[in-house]
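Novice: Quick one, entry_2.cif (mmCIF, C-alpha atoms):
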```
data_structure
#
loop_
_atom_site.label_atom_id
_atom_site.label_comp_id
_atom_site.auth_asym_id
_atom_site.auth_seq_id
_atom_site.Cartn_x
_atom_site.Cartn_y
_atom_site.Cartn_z
CA MET A 1 -6.64 78.40 -35.80
CA SER A 2 -3.57 80.33 -36.92
CA GLU A 3 -1.15 81.78 -34.38
CA LEU A 4 0.63 85.12 -34.28
CA HIS A 5 4.26 84.87 -33.15
CA VAL A 6 5.94 88.16 -32.17
CA PHE A 7 9.68 87.72 -31.63
CA ASP A 8 11.16 89.60 -28.70
CA HIS A 9 14.71 88.30 -29.08
CA PRO A 10 17.16 91.06 -28.08
CA LEU A 11 19.22 90.80 -31.27
CA ILE A 12 16.12 91.10 -33.45
CA GLN A 13 14.82 94.07 -31.46
CA HIS A 14 18.19 95.83 -31.55
CA LYS A 15 18.52 95.46 -35.31
CA LEU A 16 14.89 96.50 -35.79
CA SER A 17 15.55 99.75 -33.90
CA ILE A 18 18.27 100.66 -36.42
CA LEU A 19 16.08 99.54 -39.32
CA ARG A 20 13.35 101.97 -38.27
CA ASP A 21 15.72 104.96 -38.09
CA LYS A 22 15.21 107.30 -41.06
CA ASN A 23 18.95 108.06 -41.08
CA THR A 24 19.97 104.45 -41.71
CA SER A 25 21.68 104.18 -45.12
CA VAL A 26 20.42 102.01 -47.98
CA LYS A 27 23.41 99.69 -47.59
CA GLU A 28 22.88 99.22 -43.86
CA PHE A 29 19.12 98.91 -44.25
CA ARG A 30 19.52 96.16 -46.84
CA GLU A 31 22.00 94.29 -44.65
CA LEU A 32 19.76 94.58 -41.60
CA VAL A 33 16.72 93.21 -43.44
CA GLY A 34 18.76 90.14 -44.37
CA GLU A 35 20.12 89.73 -40.84
CA ILE A 36 16.68 90.07 -39.23
CA ALA A 37 15.24 87.59 -41.72
CA MET A 38 18.01 85.14 -40.82
CA LEU A 39 17.30 85.43 -37.10
CA MET A 40 13.53 85.16 -37.63
CA CYS A 41 14.01 82.13 -39.87
CA TYR A 42 15.84 80.43 -37.01
CA GLU A 43 12.80 80.93 -34.79
CA ALA A 44 10.14 80.20 -37.42
CA THR A 45 11.65 76.79 -38.23
CA ARG A 46 11.74 75.65 -34.61
CA ASP A 47 9.00 73.07 -35.28
CA LEU A 48 10.81 71.25 -38.11
CA PRO A 49 10.84 67.51 -37.40
CA LEU A 50 14.10 65.68 -36.69
CA GLU A 51 15.14 62.07 -37.17
CA GLU A 52 17.98 60.12 -35.62
CA VAL A 53 20.79 58.90 -37.86
CA GLU A 54 24.00 57.08 -37.10
CA ILE A 55 27.33 58.62 -38.12
CA GLU A 56 30.94 58.06 -37.27
CA THR A 57 32.93 60.91 -35.76
CA PRO A 58 36.76 60.84 -35.78
CA VAL A 59 36.45 59.29 -32.30
CA ALA A 60 33.46 56.94 -32.31
CA LYS A 61 30.07 56.09 -33.72
CA ALA A 62 27.27 58.43 -32.65
CA THR A 63 23.52 58.77 -32.99
CA VAL A 64 22.71 62.33 -34.04
CA LYS A 65 19.69 64.30 -35.18
CA ARG A 66 19.08 65.71 -38.66
CA LEU A 67 16.12 67.31 -40.38
CA ALA A 68 13.64 64.60 -41.28
CA GLY A 69 13.62 65.14 -45.01
CA LYS A 70 11.41 68.21 -44.75
CA LYS A 71 11.41 70.18 -48.00
CA LEU A 72 11.09 73.94 -47.72
CA ALA A 73 10.42 76.78 -50.16
CA ILE A 74 10.74 80.51 -49.61
CA VAL A 75 8.37 82.72 -51.61
CA PRO A 76 9.01 86.47 -51.42
CA ILE A 77 6.30 88.91 -52.45
CA LEU A 78 7.92 91.21 -55.01
CA ARG A 79 9.67 93.42 -54.65
CA ALA A 80 10.43 94.16 -51.01
CA GLY A 81 10.28 90.49 -50.05
CA LEU A 82 13.46 89.92 -52.05
CA GLY A 83 15.42 91.65 -49.30
CA MET A 84 14.65 88.82 -46.89
CA VAL A 85 15.63 85.92 -49.14
CA ASP A 86 19.43 85.83 -48.87
CA GLY A 87 19.41 85.72 -45.08
CA MET A 88 16.99 82.80 -45.10
CA VAL A 89 18.85 80.89 -47.82
CA ALA A 90 22.00 81.24 -45.71
CA MET A 91 20.17 79.38 -42.95
CA ILE A 92 18.50 76.80 -45.24
CA PRO A 93 20.80 76.29 -48.29
CA SER A 94 18.72 73.38 -49.59
CA CYS A 95 15.50 75.38 -49.87
CA LYS A 96 14.01 76.44 -53.18
CA VAL A 97 12.82 79.97 -53.94
CA GLY A 98 9.67 81.02 -55.79
CA HIS A 99 8.41 84.53 -56.54
CA ILE A 100 4.98 86.17 -56.52
CA GLY A 101 4.38 89.65 -57.94
CA LEU A 102 1.24 91.56 -57.01
CA TYR A 103 -0.25 94.96 -57.78
CA ARG A 104 -3.40 96.60 -56.51
CA ASP A 105 -6.16 97.19 -59.06
CA PRO A 106 -6.93 100.96 -58.90
CA GLU A 107 -10.68 100.38 -59.35
CA THR A 108 -11.39 97.32 -57.23
CA LEU A 109 -8.42 97.87 -54.86
CA GLU A 110 -7.95 94.09 -54.92
CA PRO A 111 -4.48 92.53 -55.34
CA VAL A 112 -3.83 91.15 -58.82
CA GLU A 113 -1.12 88.60 -59.58
CA TYR A 114 1.18 89.79 -62.38
CA TYR A 115 4.00 87.30 -61.89
CA CYS A 116 4.22 83.85 -60.36
CA LYS A 117 7.16 81.48 -60.71
CA LEU A 118 7.26 78.56 -58.30
CA PRO A 119 9.42 75.44 -57.96
CA PRO A 120 7.82 72.53 -59.87
CA ASP A 121 7.59 70.47 -56.67
CA ILE A 122 6.05 73.30 -54.63
CA THR A 123 3.10 71.10 -53.55
CA GLU A 124 5.55 68.80 -51.74
CA ARG A 125 7.14 71.65 -49.78
CA ASP A 126 6.37 73.67 -46.70
CA VAL A 127 6.25 77.28 -47.85
CA ILE A 128 7.35 80.41 -46.02
CA VAL A 129 5.97 83.58 -47.63
CA VAL A 130 8.09 86.63 -46.86
CA ASP A 131 7.38 90.36 -47.07
CA PRO A 132 8.88 93.01 -44.74
CA MET A 133 5.63 94.87 -44.12
CA PHE A 134 2.32 93.35 -42.99
CA ALA A 135 0.06 96.42 -43.09
CA THR A 136 -3.42 95.77 -44.51
CA GLY A 137 -2.73 92.08 -45.15
CA GLY A 138 -4.04 92.34 -48.72
CA SER A 139 -0.87 91.21 -50.48
CA ALA A 140 -0.08 88.52 -47.91
CA ALA A 141 -3.59 87.07 -48.04
CA ALA A 142 -3.60 87.15 -51.85
CA ALA A 143 -0.21 85.43 -52.01
CA CYS A 144 -1.44 82.67 -49.72
CA THR A 145 -4.58 82.28 -51.85
CA PHE A 146 -2.51 81.95 -55.04
CA LEU A 147 -0.21 79.40 -53.39
CA LYS A 148 -3.19 77.33 -52.27
CA GLN A 149 -4.54 77.47 -55.82
CA HIS A 150 -1.19 75.99 -56.91
CA GLY A 151 -1.68 73.14 -54.46
CA CYS A 152 0.29 74.34 -51.42
CA ARG A 153 -1.13 73.17 -48.12
CA HIS A 154 1.50 74.06 -45.53
CA ILE A 155 2.17 77.81 -45.51
CA LYS A 156 3.71 80.22 -43.01
CA LEU A 157 3.97 84.00 -43.35
CA MET A 158 7.04 85.87 -42.10
CA CYS A 159 7.14 89.68 -41.97
CA ILE A 160 9.28 92.15 -40.08
CA ILE A 161 6.61 94.64 -38.94
CA GLY A 162 2.88 94.02 -38.78
CA ALA A 163 -0.30 95.86 -37.80
CA PRO A 164 -3.66 94.68 -36.39
CA PRO A 165 -5.70 95.10 -39.63
CA ALA A 166 -3.39 92.67 -41.45
CA TRP A 167 -3.59 90.07 -38.70
CA GLU A 168 -7.38 90.34 -38.61
CA LYS A 169 -7.55 89.83 -42.38
CA MET A 170 -5.29 86.78 -42.27
CA GLN A 171 -7.31 85.22 -39.44
CA LYS A 172 -10.45 85.65 -41.50
CA GLU A 173 -9.12 84.50 -44.89
CA HIS A 174 -6.38 82.05 -43.91
CA PRO A 175 -6.96 80.68 -40.42
CA ASP A 176 -4.51 77.85 -41.17
CA VAL A 177 -1.49 80.14 -41.81
CA ASP A 178 0.72 81.02 -38.85
CA VAL A 179 2.23 84.52 -38.91
CA TYR A 180 5.69 85.49 -37.63
CA VAL A 181 6.68 89.13 -37.04
CA ALA A 182 9.42 91.02 -35.22
CA ALA A 183 6.97 93.73 -34.10
CA MET A 184 3.28 94.59 -34.15
CA ASP A 185 2.76 98.35 -34.47
CA PRO A 186 -0.54 99.87 -33.33
CA VAL A 187 -2.10 101.56 -36.38
CA LEU A 188 -2.03 102.45 -40.09
CA ASN A 189 -2.13 106.02 -41.36
CA ASP A 190 -4.43 107.37 -44.09
CA HIS A 191 -2.07 106.07 -46.79
CA GLY A 192 -2.02 102.54 -45.40
CA TYR A 193 1.49 102.87 -43.93
CA ILE A 194 2.30 101.22 -40.61
CA VAL A 195 2.83 103.74 -37.78
CA PRO A 196 5.51 104.18 -36.56
CA GLY A 197 6.75 101.53 -38.99
CA LEU A 198 9.83 102.23 -41.10
CA GLY A 199 8.46 103.82 -44.27
CA ASP A 200 8.42 102.07 -47.65
CA ALA A 201 10.53 98.94 -47.25
CA GLY A 202 11.04 98.46 -50.99
CA ASP A 203 12.28 102.00 -51.51
CA ARG A 204 14.63 101.74 -48.54
CA ILE A 205 16.02 98.37 -49.65
CA PHE A 206 16.61 99.36 -53.27
CA GLY A 207 17.32 103.08 -52.85
CA THR A 208 14.31 104.23 -54.88
CA LYS A 209 11.60 106.80 -54.21
#
```
Once you've parsed the file, please lay out its structure as structure tokens.

Specialist:
Amino acid sequence: MSELHVFDHPLIQHKLSILRDKNTSVKEFRELVGEIAMLMCYEATRDLPLEEVEIETPVAKATVKRLAGKKLAIVPILRAGLGMVDGMVAMIPSCKVGHIGLYRDPETLEPVEYYCKLPPDITERDVIVVDPMFATGGSAAAACTFLKQHGCRHIKLMCIIGAPPAWEKMQKEHPDVDVYVAAMDPVLNDHGYIVPGLGDAGDRIFGTK
């Protein structure tokens, strides 16, 4: 069964408090999203396997630990997910980045994939799907479904703020996908926005309305 990880690290919570503030500028908001993603990435990769290798320091030979050849891919959900990529790539320079674009069909209200570009070896990689907001869970669940259709078997989801309806949906549709968030807010409003949330993450990252 999937697990929900809510990070209470003081640095993450401090930066999140500024991110929520409506008076935070576009520049600062964008920087904070990247910084929070970097800190969350540190926590979300805690279970990566290590192997011992022998090296030689300037003083002596030593047995040290390195990542055990684990290949990772980061897949942002367009467009807001893009804001989280740079911070994660700074932590994992060897990762590859794919992209999934989704829109909601106005009649069926179901997410529809309009763009999907993934690394050719995506099936050999552990995938971290990123999107700042985890509100209804529709886009996140759809992205995970599309990735599984492309052969991915090891998927994590990382979002900055979540809400109970999204977590319930993911548990039902993807019980094998662990979810990582910096905060779980209590409810959604009539427009599907997380309350208190931080507004539209994409608009605040890119300075659009």

Novice: Would you list the contacts of Glu51 (chain A) as an NGL selection string, taking every protein, DNA or RNA residue within 9 Å and counting only C-alpha atoms, but skipping same-chain residues closer than 3 positions in sequence?

Specialist: :A and (64-69)

Novice: Store the residues picked out above in a file with C-alpha atoms, as a PDB file, in the coordinates of the input.

Specialist:
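Result file again_39.pdb:
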```pdb
ATOM      1  CA  VAL A  64      22.710  62.330 -34.040  1.00  0.00           C
ATOM      2  CA  LYS A  65      19.690  64.300 -35.180  1.00  0.00           C
ATOM      3  CA  ARG A  66      19.080  65.710 -38.660  1.00  0.00           C
ATOM      4  CA  LEU A  67      16.120  67.310 -40.380  1.00  0.00           C
ATOM      5  CA  ALA A  68      13.640  64.600 -41.280  1.00  0.00           C
ATOM      6  CA  GLY A  69      13.620  65.140 -45.010  1.00  0.00           C
TER       7      GLY A  69
END
```

Novice: Take the point (17.7, 87.8, -45.1) as written in the file and pick out every residue within 9 Å of it, counting only C-alpha atoms; give the list as a PDB file with C-alpha atoms, in the frame of the given file.

Specialist:
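Saved as selection.pdb:
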```pdb
ATOM      1  CA  ARG A  30      19.520  96.160 -46.840  1.00  0.00           C
ATOM      2  CA  GLU A  31      22.000  94.290 -44.650  1.00  0.00           C
ATOM      3  CA  LEU A  32      19.760  94.580 -41.600  1.00  0.00           C
ATOM      4  CA  VAL A  33      16.720  93.210 -43.440  1.00  0.00           C
ATOM      5  CA  GLY A  34      18.760  90.140 -44.370  1.00  0.00           C
ATOM      6  CA  GLU A  35      20.120  89.730 -40.840  1.00  0.00           C
ATOM      7  CA  ILE A  36      16.680  90.070 -39.230  1.00  0.00           C
ATOM      8  CA  ALA A  37      15.240  87.590 -41.720  1.00  0.00           C
ATOM      9  CA  MET A  38      18.010  85.140 -40.820  1.00  0.00           C
ATOM     10  CA  LEU A  39      17.300  85.430 -37.100  1.00  0.00           C
ATOM     11  CA  MET A  40      13.530  85.160 -37.630  1.00  0.00           C
ATOM     12  CA  CYS A  41      14.010  82.130 -39.870  1.00  0.00           C
ATOM     13  CA  LEU A  82      13.460  89.920 -52.050  1.00  0.00           C
ATOM     14  CA  GLY A  83      15.420  91.650 -49.300  1.00  0.00           C
ATOM     15  CA  MET A  84      14.650  88.820 -46.890  1.00  0.00           C
ATOM     16  CA  VAL A  85      15.630  85.920 -49.140  1.00  0.00           C
ATOM     17  CA  ASP A  86      19.430  85.830 -48.870  1.00  0.00           C
ATOM     18  CA  GLY A  87      19.410  85.720 -45.080  1.00  0.00           C
ATOM     19  CA  MET A  88      16.990  82.800 -45.100  1.00  0.00           C
ATOM     20  CA  VAL A  89      18.850  80.890 -47.820  1.00  0.00           C
ATOM     21  CA  ALA A  90      22.000  81.240 -45.710  1.00  0.00           C
TER      22      ALA A  90
END
```

Novice: Pick the closest to Ile160 (chain A) from A:His14, A:Thr63, A:Val130, A:Tyr42: which is it, counting all atoms listed in the file?

Specialist: A:Val130

Novice: Mind telling me what the PyMOL selection byres ((chain A and resi 122) around 9) catches here, as a PyMOL selection string?

Specialist: chain A and resi 72-73+96+98+118-121+123-127+147+150-152

Novice: Fewer than 2 positions away in the same chain doesn't count, so skip those; otherwise give me all residues within 7 Å of Pro165 (chain A), counting all atoms listed in the file, as a ChimeraX atom specification.

Specialist: /A:135-137,163,167-169

Novice: What separation in Å, quoted to one decimal, exists between CA of Val187 (chain A) and CA of Val112 (chain A)?

Specialist: 24.8 Å

Novice: When the PyMOL selection byres ((chain A and resi 102) around 9) is applied to the structure above, which residues does it catch, written out as a ChimeraX atom specification?

Specialist: /A:77-79,100-101,103-104,111-116,139,142-143
